[in-house]
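Below is the file input-v1.cif, which contains mmCIF, C-alpha atoms.
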data_upload
loop_
_atom_site.label_atom_id
_atom_site.label_comp_id
_atom_site.auth_asym_id
_atom_site.auth_seq_id
_atom_site.Cartn_x
_atom_site.Cartn_y
_atom_site.Cartn_z
CA MET A 248 -4.73 -20.78 11.96
CA SER A 249 -2.12 -23.20 13.12
CA GLU A 250 0.77 -21.60 14.95
CA VAL A 251 -0.75 -18.76 16.94
CA THR A 252 -0.64 -20.65 20.22
CA ASP A 253 2.66 -20.12 22.03
CA VAL A 254 3.17 -16.37 21.64
CA PRO A 255 3.38 -14.07 24.68
CA SER A 256 0.34 -11.93 25.28
CA LEU A 257 2.11 -8.58 25.06
CA ALA A 258 3.38 -9.42 21.57
CA THR A 259 -0.12 -10.58 20.62
CA VAL A 260 -1.72 -7.33 21.77
CA LEU A 261 0.93 -5.24 20.02
CA THR A 262 0.58 -7.23 16.79
CA ALA A 263 -3.22 -6.97 16.81
CA THR A 264 -3.20 -3.23 17.53
CA LEU A 265 -0.62 -2.44 14.88
CA LEU A 266 -2.39 -4.61 12.29
CA ILE A 267 -5.78 -2.98 12.84
CA GLY A 268 -4.23 0.50 12.89
CA GLY A 269 -2.27 -0.04 9.70
CA ALA A 270 -5.21 -1.55 7.86
CA ALA A 271 -7.47 1.31 8.96
CA MET A 272 -4.89 3.88 7.78
CA THR A 273 -4.68 2.13 4.41
CA LEU A 274 -8.46 2.06 4.08
CA ILE A 275 -8.71 5.78 4.91
CA GLY A 276 -6.07 6.57 2.26
CA SER A 277 -7.76 4.48 -0.41
CA PHE A 278 -11.15 5.99 0.48
CA GLY A 279 -9.62 9.42 -0.02
CA LEU A 280 -8.41 8.23 -3.42
CA LEU A 281 -12.00 7.29 -4.16
CA ARG A 282 -13.68 10.44 -2.84
CA LEU A 283 -11.47 13.46 -3.60
CA ARG A 284 -12.30 15.46 -6.70
CA GLY A 285 -9.33 16.53 -8.81
CA PHE A 286 -6.26 14.51 -9.74
CA TYR A 287 -3.89 16.81 -7.87
CA GLN A 288 -5.92 16.36 -4.68
CA ARG A 289 -6.36 12.66 -5.31
CA VAL A 290 -2.67 11.91 -5.61
CA HIS A 291 -2.05 12.92 -1.99
CA ALA A 292 -4.46 10.50 -0.35
CA PRO A 293 -2.82 7.05 -0.87
CA THR A 294 0.48 8.23 0.61
CA LEU A 295 -1.22 7.81 4.00
CA GLY A 296 -1.61 4.12 3.25
CA THR A 297 1.80 3.69 1.71
CA THR A 298 3.70 5.26 4.60
CA LEU A 299 1.79 4.81 7.86
CA GLY A 300 -0.01 1.62 6.84
CA THR A 301 3.14 -0.05 5.59
CA ILE A 302 5.18 0.94 8.64
CA PHE A 303 2.47 -0.26 11.06
CA ILE A 304 1.84 -3.60 9.33
CA THR A 305 5.52 -4.42 8.83
CA THR A 306 6.21 -3.54 12.48
CA ALA A 307 3.39 -5.90 13.49
CA SER A 308 4.96 -8.62 11.33
CA MET A 309 8.39 -8.00 12.88
CA ILE A 310 7.01 -8.19 16.43
CA TYR A 311 5.01 -11.33 15.70
CA PHE A 312 7.82 -13.29 14.03
CA SER A 313 10.33 -12.16 16.65
CA ALA A 314 8.02 -13.48 19.38
CA LEU A 315 7.33 -16.66 17.42
CA GLY A 316 10.96 -17.53 16.80
CA THR A 317 12.38 -16.04 20.05
CA ARG A 318 14.99 -14.13 18.08
CA PRO A 319 14.87 -10.70 16.43
CA VAL A 320 13.56 -10.92 12.85
CA LEU A 321 14.48 -7.76 11.02
CA HIS A 322 14.11 -8.50 7.32
CA GLU A 323 10.79 -6.65 7.18
CA LEU A 324 12.89 -3.51 7.43
CA LEU A 325 13.60 -4.10 3.72
CA VAL A 326 9.94 -3.41 2.93
CA ILE A 327 9.93 -0.20 5.00
CA VAL A 328 13.11 1.11 3.37
CA PHE A 329 11.90 0.15 -0.10
CA VAL A 330 8.44 1.71 0.22
CA THR A 331 9.63 4.94 1.84
CA THR A 332 12.23 5.27 -0.92
CA THR A 333 9.98 4.59 -3.88
CA THR A 334 6.83 6.50 -2.86
CA PRO A 335 8.25 10.02 -3.49
CA ILE A 336 9.72 8.84 -6.79
CA THR A 337 6.34 7.51 -7.92
CA LEU A 338 4.54 10.69 -6.86
CA MET A 339 7.08 12.96 -8.54
CA VAL A 340 7.10 11.07 -11.84
CA LEU A 341 3.30 10.81 -11.95
CA VAL A 342 2.67 14.45 -11.17
CA ARG A 343 5.23 15.46 -13.77
CA ALA A 344 3.45 13.31 -16.36
CA ALA A 345 0.06 14.73 -15.39
CA ARG A 346 1.40 18.29 -15.53
CA PHE A 347 2.80 17.58 -18.99
CA ARG A 348 -0.55 16.23 -20.15
CA ASP A 349 -2.42 19.18 -18.66
CA GLY A 350 -0.09 21.64 -20.32
CA ALA A 351 -1.00 20.25 -23.73
CA GLY A 352 -4.30 22.03 -24.09
CA ASN A 353 -6.65 20.89 -21.33
CA GLU A 354 -5.99 22.84 -18.13
CA ARG A 355 -9.29 22.00 -16.48
CA ASP A 356 -7.80 20.07 -13.56
CA LEU A 357 -4.95 22.38 -12.60
CA PRO A 358 -5.21 23.73 -9.05
CA GLY A 359 -5.53 27.46 -8.52
CA GLU A 360 -6.72 28.34 -12.02
CA LYS A 361 -10.47 28.14 -11.55
CA MET B 300 -5.48 -14.70 23.59
CA SER B 301 -4.78 -16.22 20.21
CA THR B 302 -8.42 -15.91 19.23
CA MET B 303 -8.05 -12.14 19.60
CA LEU B 304 -5.11 -12.23 17.20
CA ALA B 305 -7.10 -14.37 14.77
CA TRP B 306 -10.06 -11.96 14.83
CA SER B 307 -7.82 -8.93 14.44
CA ILE B 308 -6.03 -10.52 11.47
CA ALA B 309 -9.40 -11.24 9.87
CA ALA B 310 -10.54 -7.65 10.48
CA ALA B 311 -7.30 -6.28 9.02
CA GLN B 312 -7.76 -8.48 5.94
CA ILE B 313 -11.31 -7.21 5.49
CA LEU B 314 -10.18 -3.58 5.80
CA LEU B 315 -7.34 -4.13 3.30
CA SER B 316 -9.74 -5.82 0.89
CA LEU B 317 -12.05 -2.80 1.09
CA ALA B 318 -9.06 -0.56 0.39
CA MET B 319 -8.22 -2.71 -2.65
CA ALA B 320 -11.83 -2.37 -3.80
CA CYS B 321 -11.57 1.43 -3.59
CA ALA B 322 -8.37 1.36 -5.66
CA ALA B 323 -9.96 -1.00 -8.20
CA PHE B 324 -12.94 1.34 -8.51
CA ARG B 325 -10.53 4.18 -9.27
CA ILE B 326 -8.80 2.02 -11.91
CA LEU B 327 -12.08 1.11 -13.59
CA TRP B 328 -13.87 4.47 -13.44
CA GLY B 329 -10.95 6.90 -13.33
CA PRO B 330 -11.78 9.81 -15.59
CA ARG B 331 -8.26 10.16 -17.00
CA ALA B 332 -5.21 7.97 -17.49
CA GLN B 333 -3.16 9.32 -14.59
CA ASP B 334 -6.01 8.55 -12.17
CA ARG B 335 -5.87 4.94 -13.29
CA VAL B 336 -2.10 4.84 -12.77
CA VAL B 337 -2.46 6.21 -9.21
CA GLY B 338 -5.15 3.60 -8.58
CA PHE B 339 -2.84 0.86 -9.82
CA ASP B 340 -0.02 2.03 -7.54
CA THR B 341 -2.37 2.04 -4.55
CA LEU B 342 -3.68 -1.39 -5.52
CA SER B 343 -0.18 -2.89 -5.63
CA VAL B 344 0.78 -1.43 -2.24
CA ASN B 345 -2.48 -2.70 -0.73
CA ALA B 346 -1.85 -6.15 -2.20
CA MET B 347 1.61 -6.12 -0.61
CA LEU B 348 0.12 -5.28 2.79
CA LEU B 349 -2.53 -7.98 2.37
CA LEU B 350 0.24 -10.52 1.64
CA LEU B 351 2.01 -9.44 4.85
CA ALA B 352 -1.24 -10.01 6.77
CA PHE B 353 -1.52 -13.48 5.18
CA GLY B 354 2.05 -14.16 6.32
CA ILE B 355 1.20 -13.29 9.93
CA ARG B 356 -1.88 -15.50 9.69
CA SER B 357 -0.06 -18.56 8.39
CA GLY B 358 3.10 -18.07 10.47
CA SER B 359 5.52 -18.69 7.58
CA THR B 360 8.00 -16.22 6.13
CA LEU B 361 7.34 -17.30 2.54
CA TYR B 362 4.68 -14.62 2.12
CA PHE B 363 7.20 -11.92 2.95
CA GLU B 364 9.25 -12.57 -0.18
CA SER B 365 6.20 -12.54 -2.43
CA ALA B 366 5.13 -9.27 -0.77
CA LEU B 367 8.53 -7.79 -1.54
CA ILE B 368 8.29 -8.92 -5.18
CA VAL B 369 4.75 -7.51 -5.53
CA GLY B 370 5.86 -4.15 -4.16
CA LEU B 371 8.90 -4.02 -6.44
CA LEU B 372 6.94 -4.94 -9.57
CA GLY B 373 4.27 -2.39 -8.66
CA PHE B 374 6.87 0.36 -8.40
CA VAL B 375 8.55 -0.58 -11.67
CA SER B 376 5.28 -0.77 -13.60
CA THR B 377 4.03 2.50 -12.13
CA VAL B 378 7.21 4.26 -13.23
CA ALA B 379 6.95 2.65 -16.67
CA LEU B 380 3.31 3.78 -17.03
CA ALA B 381 4.19 7.31 -15.95
CA LYS B 382 7.05 7.35 -18.47
CA PHE B 383 4.61 6.21 -21.12
CA LEU B 384 2.22 9.03 -20.20
CA LEU B 385 5.07 11.51 -20.34
CA ARG B 386 6.80 10.44 -23.54
CA GLY B 387 4.48 8.13 -25.45
CA GLU B 388 6.96 5.27 -25.26
CA VAL B 389 8.73 3.46 -22.44
CA ILE B 390 12.18 2.68 -23.80
CA GLU B 391 13.56 5.28 -26.17
#

Could you rewrite the structure in this file as structure tokens?
Amino acid sequence: MSEVTDVPSLATVLTATLLIGGAAMTLIGSFGLLRLRGFYQRVHAPTLGTTLGTIFITTASMIYFSALGTRPVLHELLVIVFVTTTTPITLMVLVRAARFRDGAGNERDLPGEK
Amino acid sequence: MSTMLAWSIAAAQILLSLAMACAAFRILWGPRAQDRVVGFDTLSVNAMLLLLAFGIRSGSTLYFESALIVGLLGFVSTVALAKFLLRGEVIE
């Protein structure tokens, strides 16, 4: 904990709020991954963490390093663009694979067929 | 005021570690293979966020690059695992 001394208080409050909010969103998403029942319900839950949590925590990092270096630091935008691009691809490919596996004889987890 | 930031960073790290524990539980006890792959994807994203929190704590931008690499490798390995579940082989 070395260099958290000379940062303005507004940036500190914003960084702390965004960090706690993003971490709480991520925990709620991962808890949903733990608690929901079927695979097709379970695959929705971590997107909360991967979108809102990532955007909040990277915004907190941007605000903190901009206030620390007294210039705008924007390279955390790379993480936001990357995560919001790759999350739908991951979800689509995984659900397609799960649908293929469920079509091969064991339809017990498919939604709407109970 | 900086003690508030220190406590909030510690709280965020604890919350992210609990999220990683939930994802690890889903990897270990997932009933089927696709549940484990979803758990791995969540674990890699949570590890990336935890590295960003470490970067804010230490005040250096070196953690940002490792966070970017962790996120990229997590995406690539998740897609490779899903391709393996779909086809039975990764590169055909």

Report the residues retrieved by the PyMOL selection byres ((chain B) within 6 of (chain A)) from the displayed file, expressed as a compact mmCIF listing (two decimals) with C-alpha atoms, keeping the file's coordinate frame.
# COMPACT_ATOMS: atom_id res chain seq x y z
CA SER B 301 -4.78 -16.22 20.21
CA LEU B 304 -5.11 -12.23 17.20
CA SER B 307 -7.82 -8.93 14.44
CA ALA B 311 -7.30 -6.28 9.02
CA LEU B 314 -10.18 -3.58 5.80
CA LEU B 315 -7.34 -4.13 3.30
CA ALA B 318 -9.06 -0.56 0.39
CA CYS B 321 -11.57 1.43 -3.59
CA ALA B 381 4.19 7.31 -15.95
CA LEU B 384 2.22 9.03 -20.20
CA LEU B 385 5.07 11.51 -20.34

Please produce, as JSON lines, a per-residue contact table for region 305-340 of chain B versus region 344-365 of chain B (criterion: any atom at most 9 Å away, only C-alpha atoms considered), showing the nearest atom pair and its distance in Å to one decimal, sorted by chain then residue number.
{"residue": "B:Ala305", "atom": "CA", "partner": "B:Arg356", "partner_atom": "CA", "distance": 7.4}
{"residue": "B:Ile308", "atom": "CA", "partner": "B:Arg356", "partner_atom": "CA", "distance": 6.7}
{"residue": "B:Ala309", "atom": "CA", "partner": "B:Arg356", "partner_atom": "CA", "distance": 8.6}
{"residue": "B:Ala311", "atom": "CA", "partner": "B:Ala352", "partner_atom": "CA", "distance": 7.5}
{"residue": "B:Gln312", "atom": "CA", "partner": "B:Leu349", "partner_atom": "CA", "distance": 6.4}
{"residue": "B:Leu315", "atom": "CA", "partner": "B:Leu349", "partner_atom": "CA", "distance": 6.2}
{"residue": "B:Ser316", "atom": "CA", "partner": "B:Leu349", "partner_atom": "CA", "distance": 7.7}
{"residue": "B:Ala318", "atom": "CA", "partner": "B:Asn345", "partner_atom": "CA", "distance": 7.0}
{"residue": "B:Met319", "atom": "CA", "partner": "B:Asn345", "partner_atom": "CA", "distance": 6.1}
{"residue": "B:Ala322", "atom": "CA", "partner": "B:Asn345", "partner_atom": "CA", "distance": 8.7}
{"residue": "B:Phe339", "atom": "CA", "partner": "B:Val344", "partner_atom": "CA", "distance": 8.7}
{"residue": "B:Asp340", "atom": "CA", "partner": "B:Val344", "partner_atom": "CA", "distance": 6.4}

Item to check | Interatomic distance (Å, one decimal) between CA of Thr306 (chain A) and CA of Arg325 (chain B) | outcome: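 Here the two named atoms are 28.5 Å from each other.
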
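Picture a line from CA of Val320 (chain A) to CA of Leu317 (chain B); it runs 29.3 Å.
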
For region 299-321 of chain A, supply N, CA and C atoms and report the output as a PDB file, keeping the file's coordinate frame.
ATOM      1  N   LEU A 299       2.181   5.243   6.516  1.00  0.00           N
ATOM      2  CA  LEU A 299       1.790   4.810   7.860  1.00  0.00           C
ATOM      3  C   LEU A 299       1.293   3.367   7.877  1.00  0.00           C
ATOM      4  N   GLY A 300       0.487   2.993   6.884  1.00  0.00           N
ATOM      5  CA  GLY A 300      -0.010   1.620   6.840  1.00  0.00           C
ATOM      6  C   GLY A 300       1.094   0.607   6.689  1.00  0.00           C
ATOM      7  N   THR A 301       2.038   0.889   5.785  1.00  0.00           N
ATOM      8  CA  THR A 301       3.140  -0.050   5.590  1.00  0.00           C
ATOM      9  C   THR A 301       4.022  -0.152   6.822  1.00  0.00           C
ATOM     10  N   ILE A 302       4.312   0.983   7.453  1.00  0.00           N
ATOM     11  CA  ILE A 302       5.180   0.940   8.640  1.00  0.00           C
ATOM     12  C   ILE A 302       4.484   0.190   9.771  1.00  0.00           C
ATOM     13  N   PHE A 303       3.180   0.424   9.973  1.00  0.00           N
ATOM     14  CA  PHE A 303       2.470  -0.260  11.060  1.00  0.00           C
ATOM     15  C   PHE A 303       2.408  -1.768  10.801  1.00  0.00           C
ATOM     16  N   ILE A 304       2.046  -2.168   9.585  1.00  0.00           N
ATOM     17  CA  ILE A 304       1.840  -3.600   9.330  1.00  0.00           C
ATOM     18  C   ILE A 304       3.167  -4.343   9.321  1.00  0.00           C
ATOM     19  N   THR A 305       4.229  -3.734   8.784  1.00  0.00           N
ATOM     20  CA  THR A 305       5.520  -4.420   8.830  1.00  0.00           C
ATOM     21  C   THR A 305       6.069  -4.484  10.242  1.00  0.00           C
ATOM     22  N   THR A 306       5.786  -3.459  11.084  1.00  0.00           N
ATOM     23  CA  THR A 306       6.210  -3.540  12.480  1.00  0.00           C
ATOM     24  C   THR A 306       5.450  -4.649  13.214  1.00  0.00           C
ATOM     25  N   ALA A 307       4.159  -4.798  12.899  1.00  0.00           N
ATOM     26  CA  ALA A 307       3.390  -5.900  13.490  1.00  0.00           C
ATOM     27  C   ALA A 307       3.975  -7.247  13.080  1.00  0.00           C
ATOM     28  N   SER A 308       4.362  -7.376  11.793  1.00  0.00           N
ATOM     29  CA  SER A 308       4.960  -8.620  11.330  1.00  0.00           C
ATOM     30  C   SER A 308       6.297  -8.898  12.013  1.00  0.00           C
ATOM     31  N   MET A 309       7.106  -7.834  12.179  1.00  0.00           N
ATOM     32  CA  MET A 309       8.390  -8.000  12.880  1.00  0.00           C
ATOM     33  C   MET A 309       8.195  -8.461  14.313  1.00  0.00           C
ATOM     34  N   ILE A 310       7.250  -7.831  15.030  1.00  0.00           N
ATOM     35  CA  ILE A 310       7.010  -8.190  16.430  1.00  0.00           C
ATOM     36  C   ILE A 310       6.503  -9.624  16.533  1.00  0.00           C
ATOM     37  N   TYR A 311       5.589  -9.993  15.617  1.00  0.00           N
ATOM     38  CA  TYR A 311       5.010 -11.330  15.700  1.00  0.00           C
ATOM     39  C   TYR A 311       6.044 -12.419  15.408  1.00  0.00           C
ATOM     40  N   PHE A 312       6.847 -12.231  14.357  1.00  0.00           N
ATOM     41  CA  PHE A 312       7.820 -13.290  14.030  1.00  0.00           C
ATOM     42  C   PHE A 312       8.978 -13.308  15.014  1.00  0.00           C
ATOM     43  N   SER A 313       9.301 -12.149  15.610  1.00  0.00           N
ATOM     44  CA  SER A 313      10.330 -12.160  16.650  1.00  0.00           C
ATOM     45  C   SER A 313       9.843 -12.916  17.880  1.00  0.00           C
ATOM     46  N   ALA A 314       8.552 -12.750  18.228  1.00  0.00           N
ATOM     47  CA  ALA A 314       8.020 -13.480  19.380  1.00  0.00           C
ATOM     48  C   ALA A 314       7.815 -14.944  19.064  1.00  0.00           C
ATOM     49  N   LEU A 315       7.556 -15.253  17.793  1.00  0.00           N
ATOM     50  CA  LEU A 315       7.330 -16.660  17.420  1.00  0.00           C
ATOM     51  C   LEU A 315       8.629 -17.440  17.395  1.00  0.00           C
ATOM     52  N   GLY A 316       9.706 -16.805  16.921  1.00  0.00           N
ATOM     53  CA  GLY A 316      10.960 -17.530  16.800  1.00  0.00           C
ATOM     54  C   GLY A 316      11.943 -17.258  17.910  1.00  0.00           C
ATOM     55  N   THR A 317      11.537 -16.422  18.906  1.00  0.00           N
ATOM     56  CA  THR A 317      12.380 -16.040  20.050  1.00  0.00           C
ATOM     57  C   THR A 317      13.754 -15.521  19.617  1.00  0.00           C
ATOM     58  N   ARG A 318      13.784 -14.837  18.506  1.00  0.00           N
ATOM     59  CA  ARG A 318      14.990 -14.130  18.080  1.00  0.00           C
ATOM     60  C   ARG A 318      14.539 -12.934  17.251  1.00  0.00           C
ATOM     61  N   PRO A 319      15.325 -11.870  17.204  1.00  0.00           N
ATOM     62  CA  PRO A 319      14.870 -10.700  16.430  1.00  0.00           C
ATOM     63  C   PRO A 319      14.866 -10.960  14.928  1.00  0.00           C
ATOM     64  N   VAL A 320      13.719 -10.763  14.313  1.00  0.00           N
ATOM     65  CA  VAL A 320      13.560 -10.920  12.850  1.00  0.00           C
ATOM     66  C   VAL A 320      13.448  -9.523  12.269  1.00  0.00           C
ATOM     67  N   LEU A 321      14.415  -9.137  11.470  1.00  0.00           N
ATOM     68  CA  LEU A 321      14.480  -7.760  11.020  1.00  0.00           C
ATOM     69  C   LEU A 321      14.373  -7.607   9.505  1.00  0.00           C
TER      70      LEU A 321
END
